[in-house]
$ cat start_35.txt   # compact mmCIF, C-alpha atoms
# COMPACT_ATOMS: atom_id res chain seq x y z
CA MET A 1301 -21.46 -10.06 11.27
CA VAL A 1302 -18.08 -9.23 9.73
CA THR A 1303 -16.09 -12.35 8.94
CA LEU A 1304 -12.52 -12.99 7.82
CA GLY A 1305 -13.84 -13.32 4.26
CA HIS A 1306 -15.08 -9.72 4.24
CA TYR A 1307 -11.63 -8.41 5.07
CA LEU A 1308 -10.02 -10.68 2.48
CA ILE A 1309 -12.46 -9.53 -0.22
CA VAL A 1310 -11.84 -5.86 0.64
CA SER A 1311 -8.11 -6.54 0.54
CA GLY A 1312 -8.48 -8.27 -2.84
CA LEU A 1313 -10.49 -5.33 -4.18
CA LEU A 1314 -7.83 -2.86 -3.02
CA PHE A 1315 -5.13 -4.99 -4.69
CA THR A 1316 -7.19 -5.12 -7.89
CA ILE A 1317 -7.58 -1.32 -7.88
CA GLY A 1318 -3.82 -0.94 -7.57
CA PHE A 1319 -3.25 -3.57 -10.25
CA ALA A 1320 -5.66 -1.81 -12.61
CA GLY A 1321 -3.86 1.46 -11.91
CA VAL A 1322 -0.51 -0.04 -12.88
CA LEU A 1323 -1.99 -1.49 -16.07
CA LEU A 1324 -4.13 1.46 -17.16
CA ARG A 1325 -2.30 4.63 -16.18
CA ARG A 1326 0.64 6.03 -18.15
CA ASN A 1327 1.96 8.54 -15.59
CA ILE A 1328 4.87 7.07 -13.64
CA ILE A 1329 3.92 8.83 -10.39
CA ILE A 1330 0.36 7.44 -10.51
CA ILE A 1331 1.78 3.98 -11.24
CA PHE A 1332 3.94 4.38 -8.16
CA MET A 1333 0.93 5.30 -6.01
CA SER A 1334 -0.88 2.22 -7.32
CA LEU A 1335 2.09 0.09 -6.22
CA GLU A 1336 1.62 1.50 -2.72
CA LEU A 1337 -2.05 0.50 -2.84
CA MET A 1338 -1.06 -3.08 -3.71
CA LEU A 1339 1.47 -3.26 -0.84
CA ASN A 1340 -1.16 -2.02 1.59
CA ALA A 1341 -3.71 -4.54 0.38
CA ALA A 1342 -1.24 -7.27 1.31
CA ASN A 1343 -0.79 -5.63 4.73
CA LEU A 1344 -4.55 -5.63 5.31
CA SER A 1345 -4.91 -9.35 4.71
CA LEU A 1346 -1.86 -10.06 6.92
CA VAL A 1347 -3.38 -8.10 9.81
CA ALA A 1348 -6.75 -9.82 9.29
CA PHE A 1349 -5.09 -13.24 9.51
CA SER A 1350 -3.15 -12.07 12.57
CA ARG A 1351 -6.43 -11.16 14.32
CA PHE A 1352 -8.09 -14.40 13.19
CA ARG A 1353 -5.45 -16.84 14.45
CA LEU A 1354 -5.24 -16.18 18.18
CA ASP A 1355 -2.50 -17.80 20.24
CA GLY A 1356 -3.04 -19.77 23.46
CA ALA A 1357 -3.51 -16.68 25.62
CA GLY A 1358 -6.13 -15.24 23.27
CA MET A 1359 -3.80 -12.60 21.82
CA PRO A 1360 -3.41 -11.85 18.08
CA ASN A 1361 -0.53 -13.46 16.24
CA TYR A 1362 2.07 -10.72 16.54
CA ASN A 1363 4.46 -12.36 14.05
CA ALA A 1364 2.19 -11.13 11.25
CA GLN A 1365 2.18 -7.61 12.67
CA VAL A 1366 5.98 -7.57 12.86
CA PHE A 1367 5.95 -8.68 9.22
CA VAL A 1368 3.64 -5.76 8.35
CA PHE A 1369 6.03 -3.43 10.20
CA PHE A 1370 8.90 -4.66 8.00
CA ILE A 1371 6.79 -4.29 4.85
CA ILE A 1372 5.97 -0.67 5.76
CA THR A 1373 9.67 0.08 6.36
CA VAL A 1374 10.78 -1.45 3.08
CA ALA A 1375 7.95 0.34 1.24
CA ALA A 1376 9.05 3.70 2.66
CA ALA A 1377 12.65 3.07 1.51
CA GLU A 1378 11.35 1.95 -1.87
CA VAL A 1379 9.30 5.14 -2.30
CA ALA A 1380 12.33 7.31 -1.51
CA VAL A 1381 14.58 5.53 -4.02
CA GLY A 1382 11.84 5.29 -6.66
CA LEU A 1383 10.98 8.97 -6.50
CA ALA A 1384 14.70 9.85 -6.75
CA ILE A 1385 14.88 7.72 -9.90
CA ILE A 1386 11.78 9.51 -11.28
CA VAL A 1387 13.44 12.89 -10.62
CA ALA A 1388 16.61 11.70 -12.39
CA LEU A 1389 14.49 10.46 -15.30
CA TYR A 1390 12.68 13.81 -15.48
CA ARG A 1391 16.01 15.64 -15.59
CA ALA A 1392 17.22 13.44 -18.44
CA ARG A 1393 14.03 13.30 -20.53
CA GLN A 1394 11.65 16.03 -19.26
CA THR A 1395 8.78 13.53 -19.07
CA THR A 1396 6.99 11.28 -16.58
CA HIS A 1397 5.00 9.49 -19.25
CA VAL A 1398 5.91 5.82 -19.68
CA GLU A 1399 5.28 5.83 -23.43
CA ASP A 1400 8.02 8.44 -23.89
CA VAL A 1401 10.57 6.14 -22.27
CA SER A 1402 10.76 3.23 -24.67
CA SER A 1403 14.48 2.51 -25.10
CA LEU A 1404 14.03 -1.03 -23.78
CA LYS A 1405 10.87 -1.69 -25.78
CA PHE A 1406 11.13 -4.63 -28.13
CA MET B 995 -16.21 -2.66 16.50
CA PRO B 996 -19.73 -2.37 15.06
CA ALA B 997 -20.22 -3.86 11.62
CA PHE B 998 -21.45 -0.63 10.01
CA LEU B 999 -18.11 1.07 10.79
CA PHE B 1000 -16.35 -1.68 8.84
CA TRP B 1001 -18.57 -0.97 5.82
CA ILE B 1002 -18.12 2.80 6.09
CA PHE B 1003 -14.33 2.64 6.29
CA ALA B 1004 -14.08 -0.07 3.63
CA LEU B 1005 -16.21 2.05 1.27
CA VAL B 1006 -14.14 5.19 2.00
CA MET B 1007 -10.91 3.26 1.38
CA LEU B 1008 -12.08 1.62 -1.86
CA GLY B 1009 -13.80 4.78 -3.15
CA PHE B 1010 -10.73 6.95 -2.71
CA GLY B 1011 -8.57 4.09 -4.02
CA VAL B 1012 -10.56 4.26 -7.25
CA ALA B 1013 -10.18 8.06 -7.19
CA VAL B 1014 -6.37 7.63 -7.09
CA VAL B 1015 -6.50 5.69 -10.33
CA ILE B 1016 -9.05 7.73 -12.28
CA ASN B 1017 -8.00 11.30 -11.36
CA ARG B 1018 -6.11 13.03 -14.16
CA ASN B 1019 -4.48 15.54 -11.83
CA PRO B 1020 -1.54 14.00 -9.88
CA ILE B 1021 -2.15 16.25 -6.85
CA ALA B 1022 -5.77 15.10 -6.58
CA SER B 1023 -4.52 11.50 -6.83
CA ALA B 1024 -2.01 12.05 -4.02
CA LEU B 1025 -4.63 13.62 -1.73
CA SER B 1026 -7.07 10.78 -2.48
CA LEU B 1027 -4.30 8.36 -1.52
CA VAL B 1028 -4.03 10.08 1.89
CA VAL B 1029 -7.75 9.56 2.56
CA CYS B 1030 -7.50 5.98 1.30
CA PHE B 1031 -4.69 5.26 3.78
CA MET B 1032 -6.69 6.87 6.59
CA GLY B 1033 -9.54 4.44 5.87
CA LEU B 1034 -7.05 1.56 5.79
CA SER B 1035 -5.64 2.67 9.14
CA ALA B 1036 -9.17 2.64 10.60
CA LEU B 1037 -9.61 -0.92 9.29
CA PHE B 1038 -6.34 -1.91 11.00
CA MET B 1039 -7.69 -0.49 14.24
CA SER B 1040 -10.95 -2.39 13.79
CA LEU B 1041 -8.76 -5.52 13.78
CA ASP B 1042 -7.25 -4.45 17.15
CA ALA B 1043 -3.88 -3.69 15.52
CA PHE B 1044 -3.54 -0.21 16.99
CA PHE B 1045 0.23 0.06 16.61
CA ILE B 1046 0.08 -0.83 12.90
CA GLY B 1047 -2.77 1.66 12.42
CA ILE B 1048 -0.78 4.50 13.99
CA ILE B 1049 2.35 3.58 12.03
CA GLN B 1050 0.26 3.57 8.87
CA VAL B 1051 -0.87 7.16 9.50
CA LEU B 1052 2.60 8.36 10.52
CA VAL B 1053 4.60 6.72 7.74
CA TYR B 1054 2.19 6.75 4.79
CA ALA B 1055 -0.18 9.66 5.37
CA GLY B 1056 2.69 11.65 6.90
CA ALA B 1057 6.08 10.91 5.40
CA VAL B 1058 5.42 9.12 2.11
CA MET B 1059 2.64 11.42 0.93
CA VAL B 1060 4.67 14.54 1.73
CA LEU B 1061 7.42 13.02 -0.42
CA PHE B 1062 4.94 12.39 -3.26
CA LEU B 1063 3.54 15.93 -3.08
CA PHE B 1064 7.06 17.36 -2.88
CA ILE B 1065 8.11 15.49 -6.04
CA ILE B 1066 4.94 16.57 -7.87
CA MET B 1067 5.74 20.17 -6.91
CA LEU B 1068 9.40 19.77 -7.93
CA LEU B 1069 8.53 18.37 -11.35
CA ASP B 1070 5.78 20.98 -11.82
CA LEU B 1071 3.32 18.41 -13.19
CA ARG B 1072 0.03 19.68 -14.53
CA ALA B 1073 -3.06 17.66 -15.25
CA GLU B 1074 -2.21 15.33 -18.10
CA THR B 1075 -3.01 16.60 -21.53
CA ARG B 1076 -5.33 14.19 -23.24
CA ARG B 1077 -3.41 11.82 -25.41
CA LYS B 1078 -4.84 9.42 -27.91
CA ILE B 1079 -6.16 6.62 -25.72
CA ASN B 1080 -5.02 3.18 -26.78
CA VAL B 1081 -8.40 1.43 -26.61
CA VAL B 1082 -7.00 -2.09 -26.92
CA ALA B 1083 -4.60 -1.53 -24.00
CA VAL B 1084 -7.29 0.01 -21.77
CA VAL B 1085 -9.85 -2.72 -22.45
CA GLY B 1086 -7.21 -5.45 -22.10
CA GLY B 1087 -5.90 -4.01 -18.85
CA ALA B 1088 -9.39 -3.69 -17.36
CA ALA B 1089 -10.23 -7.25 -18.44
CA VAL B 1090 -7.06 -8.61 -16.80
CA ALA B 1091 -7.83 -6.74 -13.56
CA VAL B 1092 -11.45 -7.98 -13.48
CA ALA B 1093 -10.36 -11.56 -14.20
CA PHE B 1094 -7.81 -11.28 -11.40
CA PHE B 1095 -10.44 -10.11 -8.92
CA LEU B 1096 -12.84 -12.88 -9.95
CA GLN B 1097 -10.10 -15.42 -9.25
CA ILE B 1098 -9.50 -13.97 -5.77
CA TYR B 1099 -13.27 -13.87 -5.14
CA PHE B 1100 -13.83 -17.52 -6.03
CA VAL B 1101 -10.79 -18.72 -4.09
CA ILE B 1102 -12.01 -16.89 -0.97
CA GLY B 1103 -15.53 -18.20 -1.60
CA GLN B 1104 -14.19 -21.77 -1.50
CA LEU B 1105 -12.29 -21.13 1.73
CA SER B 1106 -14.31 -22.57 4.64
CA VAL B 1107 -12.21 -20.60 7.19
CA ALA B 1108 -13.31 -17.32 5.59
CA LYS B 1109 -16.92 -17.80 6.75
CA HIS B 1110 -16.06 -17.80 10.47
CA PRO B 1111 -16.39 -14.58 12.48
CA PHE B 1112 -13.36 -13.33 14.40
CA PRO B 1113 -12.87 -15.06 17.80
CA PRO B 1114 -13.02 -12.75 20.85
CA LEU B 1115 -9.70 -11.45 22.20
CA GLY B 1116 -8.41 -12.53 25.61
CA ALA B 1117 -7.62 -10.05 28.35
CA ALA B 1118 -4.41 -8.24 27.35
CA LYS B 1119 -1.58 -8.42 29.88
CA MET B 1120 0.54 -5.95 27.91
CA ASP B 1121 -0.36 -3.45 25.20
CA ASP B 1122 0.17 -3.82 21.49
CA VAL B 1123 3.37 -1.77 21.26
CA HIS B 1124 4.95 -3.71 24.12
CA ASN B 1125 4.21 -7.09 22.50
CA ILE B 1126 5.43 -6.09 19.03
CA GLY B 1127 8.52 -4.42 20.44
CA PHE B 1128 9.34 -7.50 22.49
CA LEU B 1129 9.07 -9.74 19.41
CA LEU B 1130 11.04 -7.26 17.31
CA PHE B 1131 14.01 -7.18 19.66
CA SER B 1132 14.02 -10.90 20.49
CA ASN B 1133 12.96 -13.20 17.65
CA TYR B 1134 13.37 -10.67 14.85
CA ASN B 1135 16.48 -8.89 16.06
CA LEU B 1136 18.64 -9.78 13.02
CA PRO B 1137 15.99 -8.80 10.41
CA PHE B 1138 15.44 -5.57 12.33
CA GLN B 1139 19.13 -4.66 12.09
CA ILE B 1140 19.23 -5.63 8.41
CA ILE B 1141 16.25 -3.29 7.84
CA GLY B 1142 18.32 -0.56 9.49
CA VAL B 1143 21.15 -1.16 7.01
CA LEU B 1144 18.60 -1.19 4.17
CA VAL B 1145 17.27 2.24 5.16
CA LEU B 1146 20.84 3.56 5.39
CA VAL B 1147 21.64 2.23 1.90
CA ALA B 1148 18.41 3.75 0.55
CA THR B 1149 19.34 7.13 2.07
CA ILE B 1150 22.81 7.05 0.50
CA GLY B 1151 21.33 5.88 -2.81
CA VAL B 1152 18.86 8.76 -2.89
CA ILE B 1153 21.64 11.27 -2.21
CA VAL B 1154 23.80 9.81 -4.98
CA LEU B 1155 20.86 9.75 -7.42
CA SER B 1156 19.93 13.34 -6.62
CA LYS B 1157 23.36 14.78 -7.37
CA ARG B 1158 23.43 16.87 -10.48
CA GLU B 1159 26.27 15.10 -12.25
CA LEU B 1160 26.01 11.32 -12.44
CA ARG B 1161 29.31 9.83 -13.45

$ encode --input "start_35.txt" --output "structure tokens"
Amino acid sequence: MVTLGHYLIVSGLLFTIGFAGVLLRRNIIIIFMSLELMLNAANLSLVAFSRFRLDGAGMPNYNAQVFVFFIITVAAAEVAVGLAIIVALYRARQTTHVEDVSSLKF
Amino acid sequence: MPAFLFWIFALVMLGFGVAVVINRNPIASALSLVVCFMGLSALFMSLDAFFIGIIQVLVYAGAVMVLFLFIIMLLDLRAETRRKINVVAVVGGAAVAVAFFLQIYFVIGQLSVAKHPFPPLGAAKMDDVHNIGFLLFSNYNLPFQIIGVLVLVATIGVIVLSKRELR
């Protein structure tokens, strides 16, 4: 029997994988992909809660699904802007390695 | 949805999610991310969120991943040359991630709601898309229009950032 907890644990694992990717990898593009993984982990738990809390008519809570829709839209815009910034960075420095971009490092 | 399908798709999603992080070649990472999002979309459908599942495939596996692959091609990235690995940073980062997951695991373990199975759905009068669309254009009309402006601003921002001369 699959319970709400299973979905939440899977979502937490996916978030942890993305989190580990942001912490461990040094390539900006991989870090960006890991950010997408984290956003999607949040989406998964939102949809699981939406399916778990049914309304009076026995339908899923569609407010959560509208929220997921907004998150996907904002994430797509974020990817477009972020990748444009990475291209601009590559033009300026010829690198996508975070350790080569350390002007703001203390 | 049978329980074994949940385990299959969850394992596919998590396995290819790990592959995204540990692959040294950015193209292999991007393709693993596509498979990971396919598994996630199947999980959405197992939760009866068919519209979100389809949107996930269209937007992520379609548009966003093409953008990633296009940028990797544009920058002509090869597999990373091996640099000196900072052992302290790697071990510290892995420890932080594991500690974070343990926290999530124990919080969910304490949650009594998490042990209940999903209640059965009622008979649907309208389909998924109809219900979400109705909510989107009634209760969430203003946020929807603001999202439209946000996408417009992002488009203009990308064009400005991509121009050769920034001044």

$ interface_residues --input "start_35.txt" --of "chain B" --to "chain A" --cutoff "7 Å" --atoms "all atoms listed in the file" --output "PDB file with C-alpha atoms, in the coordinates of the input"
ATOM      1  CA  ALA B 997     -20.220  -3.860  11.620  1.00  0.00           C
ATOM      2  CA  ALA B1004     -14.080  -0.070   3.630  1.00  0.00           C
ATOM      3  CA  LEU B1008     -12.080   1.620  -1.860  1.00  0.00           C
ATOM      4  CA  GLY B1011      -8.570   4.090  -4.020  1.00  0.00           C
ATOM      5  CA  VAL B1012     -10.560   4.260  -7.250  1.00  0.00           C
ATOM      6  CA  VAL B1015      -6.500   5.690 -10.330  1.00  0.00           C
ATOM      7  CA  PRO B1020      -1.540  14.000  -9.880  1.00  0.00           C
ATOM      8  CA  PHE B1038      -6.340  -1.910  11.000  1.00  0.00           C
ATOM      9  CA  LEU B1041      -8.760  -5.520  13.780  1.00  0.00           C
ATOM     10  CA  VAL B1058       5.420   9.120   2.110  1.00  0.00           C
ATOM     11  CA  VAL B1084      -7.290   0.010 -21.770  1.00  0.00           C
ATOM     12  CA  GLY B1087      -5.900  -4.010 -18.850  1.00  0.00           C
ATOM     13  CA  ALA B1088      -9.390  -3.690 -17.360  1.00  0.00           C
ATOM     14  CA  ALA B1091      -7.830  -6.740 -13.560  1.00  0.00           C
ATOM     15  CA  PHE B1095     -10.440 -10.110  -8.920  1.00  0.00           C
ATOM     16  CA  ILE B1098      -9.500 -13.970  -5.770  1.00  0.00           C
ATOM     17  CA  TYR B1099     -13.270 -13.870  -5.140  1.00  0.00           C
ATOM     18  CA  ILE B1102     -12.010 -16.890  -0.970  1.00  0.00           C
ATOM     19  CA  ALA B1108     -13.310 -17.320   5.590  1.00  0.00           C
ATOM     20  CA  LYS B1109     -16.920 -17.800   6.750  1.00  0.00           C
ATOM     21  CA  HIS B1110     -16.060 -17.800  10.470  1.00  0.00           C
ATOM     22  CA  PRO B1111     -16.390 -14.580  12.480  1.00  0.00           C
ATOM     23  CA  PHE B1112     -13.360 -13.330  14.400  1.00  0.00           C
ATOM     24  CA  PRO B1113     -12.870 -15.060  17.800  1.00  0.00           C
ATOM     25  CA  LEU B1115      -9.700 -11.450  22.200  1.00  0.00           C
ATOM     26  CA  GLY B1116      -8.410 -12.530  25.610  1.00  0.00           C
ATOM     27  CA  ILE B1126       5.430  -6.090  19.030  1.00  0.00           C
ATOM     28  CA  LEU B1130      11.040  -7.260  17.310  1.00  0.00           C
ATOM     29  CA  VAL B1145      17.270   2.240   5.160  1.00  0.00           C
ATOM     30  CA  ALA B1148      18.410   3.750   0.550  1.00  0.00           C
ATOM     31  CA  GLY B1151      21.330   5.880  -2.810  1.00  0.00           C
ATOM     32  CA  VAL B1152      18.860   8.760  -2.890  1.00  0.00           C
ATOM     33  CA  LEU B1155      20.860   9.750  -7.420  1.00  0.00           C
ATOM     34  CA  SER B1156      19.930  13.340  -6.620  1.00  0.00           C
TER      35      SER B1156
END

$ atom_distance --input "start_35.txt" --atom1 "atom CA of Pro1137 of chain B" --atom2 "atom CA of Leu1339 of chain A"
19.2 Å

$ axis_aligned_box --input "start_35.txt" --around "segment 999-1005 of chain B" --padding-each-side "4 Å" --output "JSON"
{"center_x": -16.3, "center_y": 0.6, "center_z": 6.0, "size_x": 12.5, "size_y": 12.5, "size_z": 17.5}

$ atom_distance --input "start_35.txt" --atom1 "atom CA of Asn1019 of chain B" --atom2 "atom CA of Leu1071 of chain B"
8.4 Å

$ atom_distance --input "start_35.txt" --atom1 "atom CA of Asn1080 of chain B" --atom2 "atom CA of Val1398 of chain A"
13.3 Å

$ closest_residue --input "start_35.txt" --among "B:Val1028, B:Gln1097, B:Ser1035, B:Pro996" --to "Phe1062 of chain B" --atoms "all atoms listed in the file"
B:Val1028
